[in-house]
>>> print(open('upload_17.cif').read())   # mmCIF, C-alpha atoms
data_final
#
loop_
_atom_site.label_atom_id
_atom_site.label_comp_id
_atom_site.auth_asym_id
_atom_site.auth_seq_id
_atom_site.Cartn_x
_atom_site.Cartn_y
_atom_site.Cartn_z
CA MET A 80 77.79 -6.03 17.12
CA GLY A 81 77.37 -9.80 16.94
CA GLU A 82 77.43 -11.45 13.53
CA MET A 83 73.67 -12.17 13.74
CA GLU A 84 72.90 -8.51 14.33
CA GLN A 85 75.23 -7.51 11.49
CA LEU A 86 73.59 -9.97 9.11
CA ARG A 87 70.13 -8.72 10.08
CA LYS A 88 71.20 -5.17 9.34
CA GLU A 89 72.68 -6.23 6.01
CA ALA A 90 69.45 -8.08 5.11
CA ASP A 91 67.34 -5.00 5.90
CA ASN A 92 69.66 -2.82 3.81
CA LEU A 93 69.40 -5.19 0.87
CA LYS A 94 65.59 -5.25 1.14
CA ASP A 95 65.55 -1.44 1.08
CA GLN A 96 67.92 -1.55 -1.90
CA ILE A 97 65.55 -3.83 -3.82
CA THR A 98 62.56 -1.63 -3.00
CA ALA A 99 64.46 1.45 -4.18
CA ALA A 100 65.69 -0.23 -7.37
CA ARG A 101 62.13 -1.25 -8.23
CA LYS A 102 60.84 2.26 -7.55
CA ALA A 103 63.52 3.68 -9.84
CA MET A 104 61.98 1.71 -12.72
CA GLN A 105 58.50 3.11 -12.08
CA ASP A 106 58.48 5.80 -14.76
CA THR A 107 54.78 5.13 -15.31
CA THR A 108 52.02 2.68 -14.36
CA LEU A 109 50.30 0.10 -16.54
CA GLN A 110 47.10 2.09 -16.04
CA GLU A 111 48.67 5.23 -17.54
CA ALA A 112 50.47 3.37 -20.31
CA ALA A 113 47.24 1.66 -21.38
CA ALA A 114 45.10 4.79 -21.08
CA SER A 115 44.80 5.23 -24.83
CA ILE A 116 43.40 1.77 -25.56
CA ASN A 117 39.76 0.92 -25.03
CA VAL A 118 38.44 -1.72 -22.65
CA VAL A 119 37.45 -4.85 -24.55
CA GLY A 120 33.75 -5.26 -25.24
CA ARG A 121 31.61 -7.41 -22.97
CA VAL A 122 32.75 -11.04 -23.16
CA GLN A 123 29.90 -13.51 -23.12
CA LEU A 124 30.91 -17.13 -23.10
CA LYS A 125 28.43 -19.96 -23.07
CA THR A 126 28.66 -23.42 -21.57
CA ARG A 127 29.21 -25.69 -24.56
CA LYS A 128 29.74 -28.94 -22.69
CA THR A 129 29.18 -30.23 -19.17
CA LEU A 130 31.38 -33.12 -18.12
CA ARG A 131 29.41 -35.27 -15.68
CA GLY A 132 30.77 -38.26 -13.86
CA HIS A 133 32.59 -37.27 -10.71
CA LEU A 134 30.73 -38.05 -7.48
CA ALA A 135 32.34 -35.45 -5.26
CA LYS A 136 34.17 -32.14 -5.31
CA ILE A 137 36.58 -31.52 -8.14
CA TYR A 138 39.85 -30.05 -6.94
CA ALA A 139 41.94 -29.76 -10.07
CA MET A 140 41.93 -30.02 -13.84
CA HIS A 141 44.57 -29.73 -16.55
CA TRP A 142 44.26 -29.63 -20.35
CA SER A 143 46.32 -31.89 -22.57
CA THR A 144 48.43 -30.02 -25.14
CA ASP A 145 46.14 -31.35 -27.90
CA SER A 146 43.36 -29.00 -26.66
CA LYS A 147 40.89 -31.88 -26.81
CA LEU A 148 41.59 -34.15 -23.83
CA CYS A 149 41.76 -33.00 -20.23
CA VAL A 150 42.23 -34.64 -16.85
CA SER A 151 40.34 -33.86 -13.64
CA ALA A 152 40.86 -34.98 -10.04
CA SER A 153 38.10 -35.33 -7.51
CA GLN A 154 37.65 -36.17 -3.87
CA ASP A 155 35.70 -39.22 -4.99
CA GLY A 156 39.12 -40.79 -5.47
CA LYS A 157 39.12 -40.77 -9.25
CA LEU A 158 41.22 -39.21 -11.96
CA ILE A 159 39.16 -38.93 -15.14
CA VAL A 160 40.58 -38.23 -18.59
CA TRP A 161 37.83 -36.64 -20.71
CA ASP A 162 37.38 -36.05 -24.40
CA SER A 163 36.02 -32.53 -24.02
CA ILE A 164 34.40 -32.53 -27.46
CA THR A 165 32.39 -35.75 -27.18
CA THR A 166 32.23 -35.56 -23.32
CA ASN A 167 33.26 -39.24 -23.22
CA LYS A 168 35.42 -40.54 -20.41
CA VAL A 169 38.58 -41.85 -22.01
CA ASN A 170 39.97 -43.17 -18.72
CA ALA A 171 38.60 -43.38 -15.18
CA ILE A 172 41.55 -44.06 -12.89
CA PRO A 173 40.86 -45.14 -9.30
CA LEU A 174 43.30 -43.60 -6.83
CA LYS A 175 44.81 -45.16 -3.70
CA SER A 176 44.19 -41.97 -1.77
CA SER A 177 41.00 -39.98 -2.38
CA TRP A 178 42.46 -36.81 -0.82
CA VAL A 179 43.75 -35.52 -4.08
CA MET A 180 44.56 -31.81 -4.49
CA THR A 181 46.21 -31.59 -7.89
CA CYS A 182 46.57 -33.28 -11.26
CA ALA A 183 48.65 -32.73 -14.39
CA TYR A 184 48.82 -33.91 -18.01
CA ALA A 185 52.26 -34.49 -19.55
CA PRO A 186 52.94 -32.42 -22.71
CA SER A 187 53.37 -35.70 -24.65
CA GLY A 188 49.93 -36.93 -23.61
CA ASN A 189 51.43 -40.22 -22.37
CA LEU A 190 51.31 -39.60 -18.64
CA VAL A 191 49.13 -37.99 -15.98
CA ALA A 192 50.06 -37.26 -12.38
CA CYS A 193 48.22 -36.47 -9.17
CA GLY A 194 48.81 -36.04 -5.48
CA GLY A 195 47.41 -34.57 -2.29
CA LEU A 196 47.27 -35.35 1.40
CA ASP A 197 49.22 -38.58 0.85
CA ASN A 198 52.32 -36.36 0.38
CA MET A 199 53.16 -38.25 -2.82
CA CYS A 200 53.04 -37.55 -6.53
CA SER A 201 51.70 -40.61 -8.39
CA ILE A 202 52.50 -40.93 -12.09
CA TYR A 203 50.15 -42.97 -14.32
CA ASN A 204 50.99 -44.30 -17.77
CA LEU A 205 48.00 -43.83 -20.09
CA LYS A 206 49.62 -45.65 -22.99
CA GLY A 207 50.52 -48.96 -21.29
CA LYS A 208 50.90 -52.01 -23.57
CA ASP A 209 47.85 -53.94 -22.35
CA GLY A 210 45.62 -50.87 -22.37
CA ASN A 211 45.25 -50.71 -18.59
CA VAL A 212 46.25 -47.54 -16.81
CA LYS A 213 48.61 -48.32 -13.96
CA VAL A 214 50.72 -46.43 -11.48
CA MET A 215 54.12 -46.01 -13.06
CA ARG A 216 55.91 -44.28 -10.18
CA GLU A 217 55.13 -42.98 -6.74
CA LEU A 218 57.34 -40.01 -5.97
CA ALA A 219 57.61 -39.92 -2.20
CA ALA A 220 59.86 -37.63 -0.19
CA HIS A 221 57.79 -34.57 0.60
CA THR A 222 56.94 -34.19 4.27
CA GLY A 223 53.83 -32.19 3.52
CA TYR A 224 50.81 -32.38 1.22
CA LEU A 225 51.25 -32.13 -2.53
CA SER A 226 49.56 -28.91 -3.65
CA CYS A 227 50.55 -28.80 -7.33
CA CYS A 228 52.54 -30.70 -9.95
CA ARG A 229 53.55 -29.95 -13.54
CA PHE A 230 55.44 -32.11 -16.07
CA LEU A 231 58.48 -30.78 -17.91
CA SER A 232 58.60 -33.94 -20.05
CA ASP A 233 57.91 -37.67 -19.67
CA SER A 234 61.02 -37.94 -17.52
CA GLU A 235 60.80 -34.86 -15.30
CA ILE A 236 58.11 -33.34 -13.12
CA ILE A 237 58.06 -30.44 -10.66
CA THR A 238 55.97 -30.59 -7.49
CA SER A 239 55.07 -28.01 -4.83
CA SER A 240 54.27 -29.03 -1.28
CA GLY A 241 52.93 -27.97 2.10
CA ASP A 242 56.43 -28.69 3.42
CA CYS A 243 57.46 -25.30 1.94
CA THR A 244 59.60 -26.77 -0.85
CA CYS A 245 59.28 -27.47 -4.55
CA VAL A 246 61.07 -30.43 -6.06
CA LEU A 247 62.28 -31.41 -9.54
CA TRP A 248 62.01 -35.21 -9.87
CA ASP A 249 63.57 -37.75 -12.20
CA ILE A 250 60.55 -39.94 -12.97
CA GLU A 251 62.61 -42.91 -14.21
CA THR A 252 64.50 -43.35 -10.96
CA GLY A 253 61.88 -41.76 -8.70
CA THR A 254 64.53 -39.55 -7.10
CA GLN A 255 64.73 -35.84 -6.31
CA LYS A 256 67.01 -34.02 -8.74
CA THR A 257 66.70 -30.57 -7.22
CA ILE A 258 65.05 -29.20 -4.11
CA PHE A 259 63.91 -25.58 -4.33
CA ALA A 260 63.90 -24.33 -0.75
CA GLY A 261 63.37 -20.76 0.37
CA HIS A 262 59.66 -20.26 0.94
CA GLN A 263 58.63 -19.74 4.54
CA GLY A 264 55.10 -21.04 4.14
CA ASP A 265 53.23 -23.86 2.40
CA CYS A 266 53.83 -23.80 -1.35
CA MET A 267 50.37 -23.79 -2.89
CA SER A 268 50.87 -23.68 -6.65
CA LEU A 269 53.38 -23.54 -9.45
CA ALA A 270 53.51 -22.59 -13.12
CA VAL A 271 56.24 -23.48 -15.63
CA SER A 272 57.49 -21.04 -18.29
CA PRO A 273 56.75 -21.97 -21.93
CA ASP A 274 60.47 -22.62 -22.56
CA PHE A 275 60.64 -24.94 -19.51
CA LYS A 276 63.63 -23.02 -18.10
CA PHE A 277 61.87 -21.34 -15.18
CA PHE A 278 58.93 -21.85 -12.91
CA ILE A 279 57.09 -19.66 -10.46
CA SER A 280 55.82 -20.89 -7.09
CA GLY A 281 53.25 -19.21 -4.88
CA ALA A 282 53.19 -19.80 -1.14
CA CYS A 283 51.42 -19.00 2.10
CA ASP A 284 54.24 -16.64 3.07
CA PHE A 285 52.53 -14.15 0.71
CA THR A 286 55.31 -14.37 -1.86
CA ALA A 287 55.76 -15.74 -5.34
CA LYS A 288 59.26 -16.85 -6.36
CA LEU A 289 60.82 -17.24 -9.81
CA TRP A 290 63.16 -20.26 -9.92
CA ASP A 291 65.83 -21.18 -12.48
CA ILE A 292 65.20 -24.92 -12.99
CA ARG A 293 68.73 -25.93 -14.04
CA GLU A 294 70.59 -23.73 -11.55
CA GLY A 295 68.20 -24.56 -8.72
CA THR A 296 68.24 -20.96 -7.53
CA CYS A 297 65.58 -18.40 -6.80
CA ARG A 298 66.04 -15.42 -9.15
CA GLN A 299 63.31 -13.09 -7.96
CA THR A 300 60.78 -12.83 -5.16
CA PHE A 301 57.52 -10.92 -5.49
CA GLY A 302 55.42 -9.54 -2.69
CA GLY A 303 57.70 -10.37 0.19
CA HIS A 304 60.39 -7.77 0.55
CA GLU A 305 58.28 -5.21 2.31
CA ASN A 306 58.68 -5.61 6.05
CA LEU A 307 55.29 -6.66 7.35
CA SER A 308 54.99 -5.45 10.89
CA ARG A 309 51.37 -6.39 11.30
CA ILE A 310 48.80 -8.31 9.34
CA ASN A 311 45.25 -7.17 10.00
CA TYR A 312 43.36 -9.53 7.75
CA ILE A 313 43.94 -11.60 4.69
CA LEU A 314 42.47 -10.07 1.55
CA ASP A 315 42.55 -12.32 -1.48
CA LEU A 316 43.64 -10.20 -4.40
CA CYS A 317 44.72 -10.77 -7.94
CA LYS A 318 47.88 -8.97 -8.97
CA LEU A 319 49.92 -8.89 -12.16
CA TYR A 320 53.70 -8.87 -11.75
CA ASP A 321 56.16 -8.20 -14.55
CA LEU A 322 59.29 -10.38 -14.37
CA ARG A 323 61.61 -8.02 -16.24
CA ALA A 324 60.55 -4.85 -14.40
CA ASP A 325 60.63 -6.97 -11.21
CA GLN A 326 57.47 -5.50 -9.73
CA GLU A 327 53.71 -5.38 -9.53
CA LEU A 328 52.03 -3.74 -12.51
CA ILE A 329 48.37 -3.74 -11.55
CA THR A 330 45.78 -5.18 -9.15
CA TYR A 331 42.49 -6.71 -10.25
CA GLN A 332 39.89 -5.73 -7.71
CA ASP A 333 36.35 -4.48 -7.56
CA SER A 334 34.46 -3.24 -4.55
CA SER A 335 31.58 -5.57 -5.37
CA ILE A 336 33.75 -8.65 -5.07
CA MET A 337 34.03 -9.75 -1.46
CA CYS A 338 35.47 -13.20 -1.78
CA GLY A 339 38.67 -14.94 -2.62
CA VAL A 340 40.18 -16.13 -5.88
CA THR A 341 40.72 -19.86 -6.17
CA SER A 342 42.22 -20.19 -9.64
CA LEU A 343 43.51 -18.20 -12.60
CA ALA A 344 44.00 -18.64 -16.31
CA PRO A 345 44.96 -16.13 -19.00
CA SER A 346 43.44 -16.33 -22.48
CA LEU A 347 45.71 -17.06 -25.45
CA SER A 348 46.68 -13.44 -26.15
CA GLY A 349 46.86 -12.59 -22.48
CA ARG A 350 44.28 -9.86 -22.92
CA LEU A 351 41.73 -11.68 -20.78
CA LEU A 352 42.30 -13.04 -17.31
CA LEU A 353 39.79 -15.63 -16.14
CA ALA A 354 39.60 -16.02 -12.39
CA GLY A 355 37.50 -18.48 -10.39
CA TYR A 356 36.04 -17.25 -7.12
CA ASP A 357 34.51 -18.60 -3.91
CA ASP A 358 31.11 -17.14 -4.87
CA PHE A 359 30.64 -19.86 -7.53
CA ASN A 360 31.43 -17.52 -10.44
CA VAL A 361 34.30 -16.87 -12.78
CA ASN A 362 35.11 -13.22 -13.45
CA ILE A 363 36.74 -12.25 -16.71
CA TRP A 364 39.13 -9.29 -16.47
CA ASP A 365 40.64 -7.10 -19.17
CA THR A 366 44.28 -7.67 -18.20
CA LEU A 367 45.52 -4.29 -19.40
CA LYS A 368 42.67 -2.12 -18.07
CA ALA A 369 41.92 -4.07 -14.85
CA GLU A 370 38.20 -3.91 -15.53
CA ARG A 371 35.70 -6.74 -15.28
CA VAL A 372 34.36 -7.56 -18.74
CA GLY A 373 32.41 -10.73 -18.18
CA VAL A 374 31.11 -13.33 -15.76
CA LEU A 375 30.70 -17.08 -16.15
CA ALA A 376 27.85 -18.19 -13.93
CA GLY A 377 26.71 -21.76 -14.03
CA HIS A 378 28.26 -23.69 -11.21
CA ASP A 379 26.38 -24.46 -8.01
CA ASN A 380 29.41 -24.38 -5.80
CA ARG A 381 32.90 -22.89 -5.59
CA VAL A 382 34.92 -22.91 -8.82
CA SER A 383 38.07 -24.71 -7.73
CA CYS A 384 40.05 -24.84 -10.95
CA ILE A 385 40.19 -23.27 -14.37
CA GLY A 386 42.25 -23.79 -17.48
CA VAL A 387 42.41 -22.42 -21.02
CA SER A 388 43.36 -24.92 -23.74
CA SER A 389 46.66 -24.41 -25.60
CA ASP A 390 44.99 -23.32 -28.82
CA GLY A 391 42.90 -20.84 -26.83
CA MET A 392 39.63 -22.27 -28.16
CA ALA A 393 37.95 -22.96 -24.85
CA CYS A 394 38.14 -22.56 -21.13
CA CYS A 395 37.33 -25.39 -18.72
CA THR A 396 36.10 -24.82 -15.17
CA GLY A 397 35.95 -27.45 -12.43
CA SER A 398 33.83 -27.03 -9.35
CA TRP A 399 32.94 -28.41 -5.94
CA ASP A 400 29.54 -29.17 -7.50
CA SER A 401 31.31 -32.17 -9.17
CA PHE A 402 30.94 -30.91 -12.73
CA LEU A 403 33.34 -29.55 -15.29
CA LYS A 404 32.10 -27.07 -17.86
CA ILE A 405 33.63 -26.12 -21.19
CA TRP A 406 33.01 -22.52 -22.25
CA ASN A 407 33.64 -20.42 -25.33
CA LYS B 129 60.92 -16.07 12.35
CA ILE B 130 57.34 -16.74 11.42
CA ILE B 131 56.02 -19.72 9.48
CA TYR B 132 52.54 -19.74 8.00
CA THR B 133 50.75 -22.99 7.24
CA HIS B 134 47.55 -23.70 5.40
CA ALA B 135 46.35 -27.08 6.54
CA PRO B 136 43.10 -28.40 5.02
CA VAL B 137 40.51 -29.37 7.61
CA HIS B 138 37.24 -31.21 7.09
CA LYS B 139 33.98 -30.41 8.77
CA GLU B 140 30.66 -32.19 8.47
CA GLY B 141 27.32 -30.86 9.54
CA ARG B 142 23.62 -30.32 9.04
CA HIS B 143 21.87 -27.34 7.62
CA TRP B 144 18.33 -26.14 6.96
CA CYS B 145 16.95 -27.04 3.55
CA LYS B 146 16.37 -24.04 1.25
CA LYS B 147 12.68 -23.60 2.10
CA GLY B 148 13.36 -23.59 5.80
CA HIS B 149 11.03 -26.49 6.43
CA CYS B 150 13.18 -29.22 7.73
CA ARG B 151 16.58 -29.96 9.00
CA VAL B 152 18.09 -31.96 6.19
CA LYS B 153 21.20 -33.88 6.90
CA THR B 154 23.61 -32.90 4.22
CA GLU B 155 27.18 -33.83 4.36
CA TYR B 156 29.37 -31.03 3.42
CA ASN B 157 33.06 -30.72 3.71
CA ILE B 158 34.64 -27.38 4.12
CA TYR B 159 38.27 -26.77 3.66
CA ILE B 160 38.93 -24.19 6.28
CA LYS B 161 41.86 -21.95 5.64
CA ARG B 162 43.62 -21.99 8.91
CA LEU B 163 46.48 -19.61 8.92
CA THR B 164 48.51 -20.66 11.89
CA VAL B 165 51.49 -18.66 12.92
CA THR B 166 54.39 -20.55 14.37
CA THR B 167 57.38 -18.75 15.72
CA MET B 168 60.63 -20.56 15.20
CA THR B 169 63.43 -20.26 17.63
CA SER B 170 66.17 -18.02 16.33
CA ASN B 171 68.96 -20.27 17.60
CA SER B 172 69.08 -22.50 14.55
CA ASN B 173 69.93 -19.77 12.25
CA LEU B 174 73.26 -18.10 11.80
CA SER B 175 73.77 -20.16 8.63
CA THR B 176 70.17 -19.52 7.55
CA MET B 177 70.71 -15.79 7.99
CA ARG B 178 73.92 -15.98 5.94
CA ARG B 179 72.04 -17.79 3.18
CA LEU B 180 69.24 -15.22 3.31
CA VAL B 181 71.74 -12.38 2.87
CA GLU B 182 73.37 -14.18 -0.10
CA GLN B 183 69.92 -14.72 -1.64
CA LEU B 184 68.99 -11.07 -1.17
CA LYS B 185 72.28 -10.02 -2.82
CA LEU B 186 71.36 -12.21 -5.80
CA GLU B 187 67.88 -10.73 -6.05
CA ALA B 188 69.16 -7.18 -5.64
CA SER B 189 71.51 -7.66 -8.62
CA VAL B 190 68.73 -8.57 -11.07
CA GLU B 191 68.66 -6.41 -14.20
CA ARG B 192 65.39 -4.54 -14.41
CA ILE B 193 63.63 -2.75 -17.25
CA LYS B 194 61.40 0.28 -16.92
CA VAL B 195 57.68 -0.20 -16.31
CA SER B 196 56.97 1.85 -19.46
CA GLN B 197 58.87 -0.67 -21.58
CA ALA B 198 57.24 -3.65 -19.85
CA ALA B 199 53.79 -2.11 -20.25
CA THR B 200 54.35 -1.28 -23.94
CA GLU B 201 55.60 -4.76 -24.77
CA LEU B 202 52.75 -6.38 -22.83
CA GLN B 203 50.21 -4.32 -24.80
CA GLN B 204 51.95 -5.13 -28.08
CA TYR B 205 51.85 -8.86 -27.35
CA CYS B 206 48.16 -8.74 -26.47
CA LEU B 207 47.22 -6.74 -29.55
CA GLN B 208 49.35 -8.83 -31.92
CA ASN B 209 47.78 -12.08 -30.74
CA ALA B 210 44.23 -10.80 -30.29
CA GLY B 211 43.09 -12.19 -33.64
CA LYS B 212 43.91 -15.76 -32.62
CA ASP B 213 42.30 -15.47 -29.20
CA ALA B 214 38.98 -17.30 -29.55
CA LEU B 215 37.72 -16.28 -26.12
CA LEU B 216 38.32 -12.64 -27.00
CA VAL B 217 37.09 -12.37 -30.57
CA GLY B 218 34.73 -15.31 -30.67
CA VAL B 219 34.68 -18.18 -33.15
CA PRO B 220 32.23 -18.71 -36.00
CA THR B 221 29.71 -21.51 -35.22
CA GLY B 222 30.87 -23.65 -38.11
CA SER B 223 34.47 -23.79 -36.92
CA ASN B 224 33.73 -24.16 -33.20
CA PRO B 225 34.72 -27.75 -32.31
CA PHE B 226 32.58 -27.57 -29.17
CA ARG B 227 29.39 -26.68 -30.99
CA GLU B 228 27.27 -29.04 -33.07
CA PRO B 229 26.56 -27.41 -36.42
CA ARG B 230 22.86 -26.76 -36.88
CA SER B 231 21.35 -29.16 -39.33
CA CYS B 232 19.43 -27.57 -42.15
CA ALA B 233 16.25 -29.12 -43.46
CA VAL B 234 16.48 -29.77 -47.16
CA VAL B 235 13.17 -28.98 -48.72
#
>>> encode(input="upload_17.cif", output="structure tokens")
Amino acid sequence: MGEMEQLRKEADNLKDQITAARKAMQDTTLQEAAASINVVGRVQLKTRKTLRGHLAKIYAMHWSTDSKLCVSASQDGKLIVWDSITTNKVNAIPLKSSWVMTCAYAPSGNLVACGGLDNMCSIYNLKGKDGNVKVMRELAAHTGYLSCCRFLSDSEIITSSGDCTCVLWDIETGTQKTIFAGHQGDCMSLAVSPDFKFFISGACDFTAKLWDIREGTCRQTFGGHENLSRINYILDLCKLYDLRADQELITYQDSSIMCGVTSLAPSLSGRLLLAGYDDFNVNIWDTLKAERVGVLAGHDNRVSCIGVSSDGMACCTGSWDSFLKIWN
Amino acid sequence: KIIYTHAPVHKEGRHWCKKGHCRVKTEYNIYIKRLTVTTMTSNSNLSTMRRLVEQLKLEASVERIKVSQAATELQQYCLQNAGKDALLVGVPTGSNPFREPRSCAVV
């Protein structure tokens, strides 16, 4: 047997081992374990504010950690920082490239970042000395579009790209500190753990990977170990995976929902899962019971992004109808 | 080896206005999800295969807990923090920063 054949056999064995090890932990299901608790009552949130100002589709939004300011990115080539309570525009930043796909607010509130089809992540300093907001750094090295970015601090940011990699950057020097390679499809999104030690990336290869930021290694992969012999059609589903049990706990689906999920955000306690869909609505799920407990209807086009503020007070939705809405 | 890509594509066009009266030119851009499948040649990849096997060994060695424990702790976390979750339990009008307090007429 050639080495290639041997390695292939070893890989298949390991995949079977992982599947078996996960099955061995399945002494129950989340459905059974949560059988004794009741579904939460109907959740009815109202639009409290509408943020008007963008002239084209909104692709991304991100709350500041102060739960008051938020940043949104639109195809009109602007990044707008909003005061969500007064609905005033604190900053309207013109972008070099209007094909923006993501934006992020630094935890400190000093910086915002964005990127898209220009393959770069541009960092803007909101607290410049003369009051003008200028590009502080342009992080260029990705060979594919920038799908998502998230700050770890004012000096480090993680980006995910259509070139199938995620990168940890040193903002000061504009260089790549770590390249997280392993996905076999465009990386579409990422989320950083609250302790900033790990992040999860989701990609078009149907997997989500948990990465150790300092080690630069992939610790776990979700959704990819099963050998897919055939793919009939792509069904957009929402699934909950548990990191410590290393497997899927539950799927959020309903026969009446026929379209895909564009964005997700859990509420503060995690009991509610807000998901934006292609049918212009946001469905609110009871995370533990996998039942729909509410709908946010109010946008006239696809809901492209959603975020819950850090203090859990409100949820913000951004849409292709060019408006952002604040709900609670 | 199969690689999937999701490249955004723009499309402009015309459509009938809602009442069906006239053909209104409306610019709309659609991002079409194009899942293209590209097969890579397998020549490149003895070293890639070796790395894949090492990665799988790493992932196989992860310490796992039982689903029952994960489910219990998830429920506990949700229930413990439910009181602070404004979207879940609601927030009184007076203390909702996003709502103007109703002004009362003083007679």
>>> resolve_selection(input="upload_17.cif", expression="the PyMOL selection byres ((chain B) within 6 of (chain A))", output="ChimeraX atom specification")
/B:131-133,181,187-188,192-196,199,206,209-210,213-215,226
>>> write_last_selection(input="upload_17.cif", atoms="C-alpha atoms", output="tab-separated table (two decimals), in the frame of the given file")
chain	number	residue	atom	x	y	z
B	131	ILE	CA	56.02	-19.72	9.48
B	132	TYR	CA	52.54	-19.74	8.00
B	133	THR	CA	50.75	-22.99	7.24
B	181	VAL	CA	71.74	-12.38	2.87
B	187	GLU	CA	67.88	-10.73	-6.05
B	188	ALA	CA	69.16	-7.18	-5.64
B	192	ARG	CA	65.39	-4.54	-14.41
B	193	ILE	CA	63.63	-2.75	-17.25
B	194	LYS	CA	61.40	0.28	-16.92
B	195	VAL	CA	57.68	-0.20	-16.31
B	196	SER	CA	56.97	1.85	-19.46
B	199	ALA	CA	53.79	-2.11	-20.25
B	206	CYS	CA	48.16	-8.74	-26.47
B	209	ASN	CA	47.78	-12.08	-30.74
B	210	ALA	CA	44.23	-10.80	-30.29
B	213	ASP	CA	42.30	-15.47	-29.20
B	214	ALA	CA	38.98	-17.30	-29.55
B	215	LEU	CA	37.72	-16.28	-26.12
B	226	PHE	CA	32.58	-27.57	-29.17
>>> atom_distance(input="upload_17.cif", atom1="atom CA of A:Asp379", atom2="atom CA of A:Ile363")
18.2 Å
>>> residues_near_point(input="upload_17.cif", point="(47.6, -33.2, -13.1)", cutoff="6 Å", atoms="all atoms listed in the file", output="VMD selection string")
chain A and resid 141 181 to 184 191 to 193
>>> resolve_selection(input="upload_17.cif", expression="the PyMOL selection byres ((chain A and resi 258) around 10)", output="list in words")
Ile237, Thr238, Thr244, Cys245, Val246, Leu247, Trp248, Gln255, Lys256, Thr257, Phe259, Ala260, Gly261, Ile292, Gly295 and Thr296 of chain A
>>> atom_distance(input="upload_17.cif", atom1="atom CA of A:Lys276", atom2="atom CA of A:Lys288")
14.0 Å
>>> resolve_selection(input="upload_17.cif", expression="the PyMOL selection byres ((chain A and resi 186) around 7)", output="PyMOL selection string")
chain A and resi 143-144+184-185+187-188+232
>>> write_last_selection(input="upload_17.cif", atoms="C-alpha atoms", output="PDB file, in the frame of the given file")
ATOM      1  CA  SER A 143      46.320 -31.890 -22.570  1.00  0.00           C
ATOM      2  CA  THR A 144      48.430 -30.020 -25.140  1.00  0.00           C
ATOM      3  CA  TYR A 184      48.820 -33.910 -18.010  1.00  0.00           C
ATOM      4  CA  ALA A 185      52.260 -34.490 -19.550  1.00  0.00           C
ATOM      5  CA  SER A 187      53.370 -35.700 -24.650  1.00  0.00           C
ATOM      6  CA  GLY A 188      49.930 -36.930 -23.610  1.00  0.00           C
ATOM      7  CA  SER A 232      58.600 -33.940 -20.050  1.00  0.00           C
TER       8      SER A 232
END
>>> atom_distance(input="upload_17.cif", atom1="atom CA of A:Cys395", atom2="atom CA of A:Leu353")
10.4 Å
>>> build_atoms(input="upload_17.cif", residues="stretch 382-390 of chain A", atoms="N, CA, C and O atoms", output="PDB file, in the frame of the given file")
ATOM      1  N   VAL A 382      34.118 -22.513  -7.656  1.00  0.00           N
ATOM      2  CA  VAL A 382      34.920 -22.910  -8.820  1.00  0.00           C
ATOM      3  C   VAL A 382      36.322 -23.139  -8.291  1.00  0.00           C
ATOM      4  O   VAL A 382      36.961 -22.224  -7.802  1.00  0.00           O
ATOM      5  N   SER A 383      36.786 -24.394  -8.334  1.00  0.00           N
ATOM      6  CA  SER A 383      38.070 -24.710  -7.730  1.00  0.00           C
ATOM      7  C   SER A 383      39.239 -24.683  -8.692  1.00  0.00           C
ATOM      8  O   SER A 383      40.386 -24.549  -8.279  1.00  0.00           O
ATOM      9  N   CYS A 384      38.943 -24.823  -9.998  1.00  0.00           N
ATOM     10  CA  CYS A 384      40.050 -24.840 -10.950  1.00  0.00           C
ATOM     11  C   CYS A 384      39.578 -24.357 -12.310  1.00  0.00           C
ATOM     12  O   CYS A 384      38.398 -24.451 -12.645  1.00  0.00           O
ATOM     13  N   ILE A 385      40.512 -23.823 -13.055  1.00  0.00           N
ATOM     14  CA  ILE A 385      40.190 -23.270 -14.370  1.00  0.00           C
ATOM     15  C   ILE A 385      41.384 -23.440 -15.282  1.00  0.00           C
ATOM     16  O   ILE A 385      42.522 -23.403 -14.827  1.00  0.00           O
ATOM     17  N   GLY A 386      41.123 -23.660 -16.566  1.00  0.00           N
ATOM     18  CA  GLY A 386      42.250 -23.790 -17.480  1.00  0.00           C
ATOM     19  C   GLY A 386      41.804 -23.417 -18.884  1.00  0.00           C
ATOM     20  O   GLY A 386      40.679 -23.715 -19.278  1.00  0.00           O
ATOM     21  N   VAL A 387      42.695 -22.760 -19.633  1.00  0.00           N
ATOM     22  CA  VAL A 387      42.410 -22.420 -21.020  1.00  0.00           C
ATOM     23  C   VAL A 387      43.235 -23.374 -21.869  1.00  0.00           C
ATOM     24  O   VAL A 387      44.407 -23.609 -21.590  1.00  0.00           O
ATOM     25  N   SER A 388      42.634 -23.954 -22.907  1.00  0.00           N
ATOM     26  CA  SER A 388      43.360 -24.920 -23.740  1.00  0.00           C
ATOM     27  C   SER A 388      44.483 -24.224 -24.501  1.00  0.00           C
ATOM     28  O   SER A 388      44.456 -23.005 -24.680  1.00  0.00           O
ATOM     29  N   SER A 389      45.475 -25.016 -24.957  1.00  0.00           N
ATOM     30  CA  SER A 389      46.660 -24.410 -25.600  1.00  0.00           C
ATOM     31  C   SER A 389      46.356 -23.641 -26.870  1.00  0.00           C
ATOM     32  O   SER A 389      47.043 -22.689 -27.182  1.00  0.00           O
ATOM     33  N   ASP A 390      45.301 -24.063 -27.599  1.00  0.00           N
ATOM     34  CA  ASP A 390      44.990 -23.320 -28.820  1.00  0.00           C
ATOM     35  C   ASP A 390      44.021 -22.169 -28.522  1.00  0.00           C
ATOM     36  O   ASP A 390      43.574 -21.475 -29.424  1.00  0.00           O
TER      37      ASP A 390
END
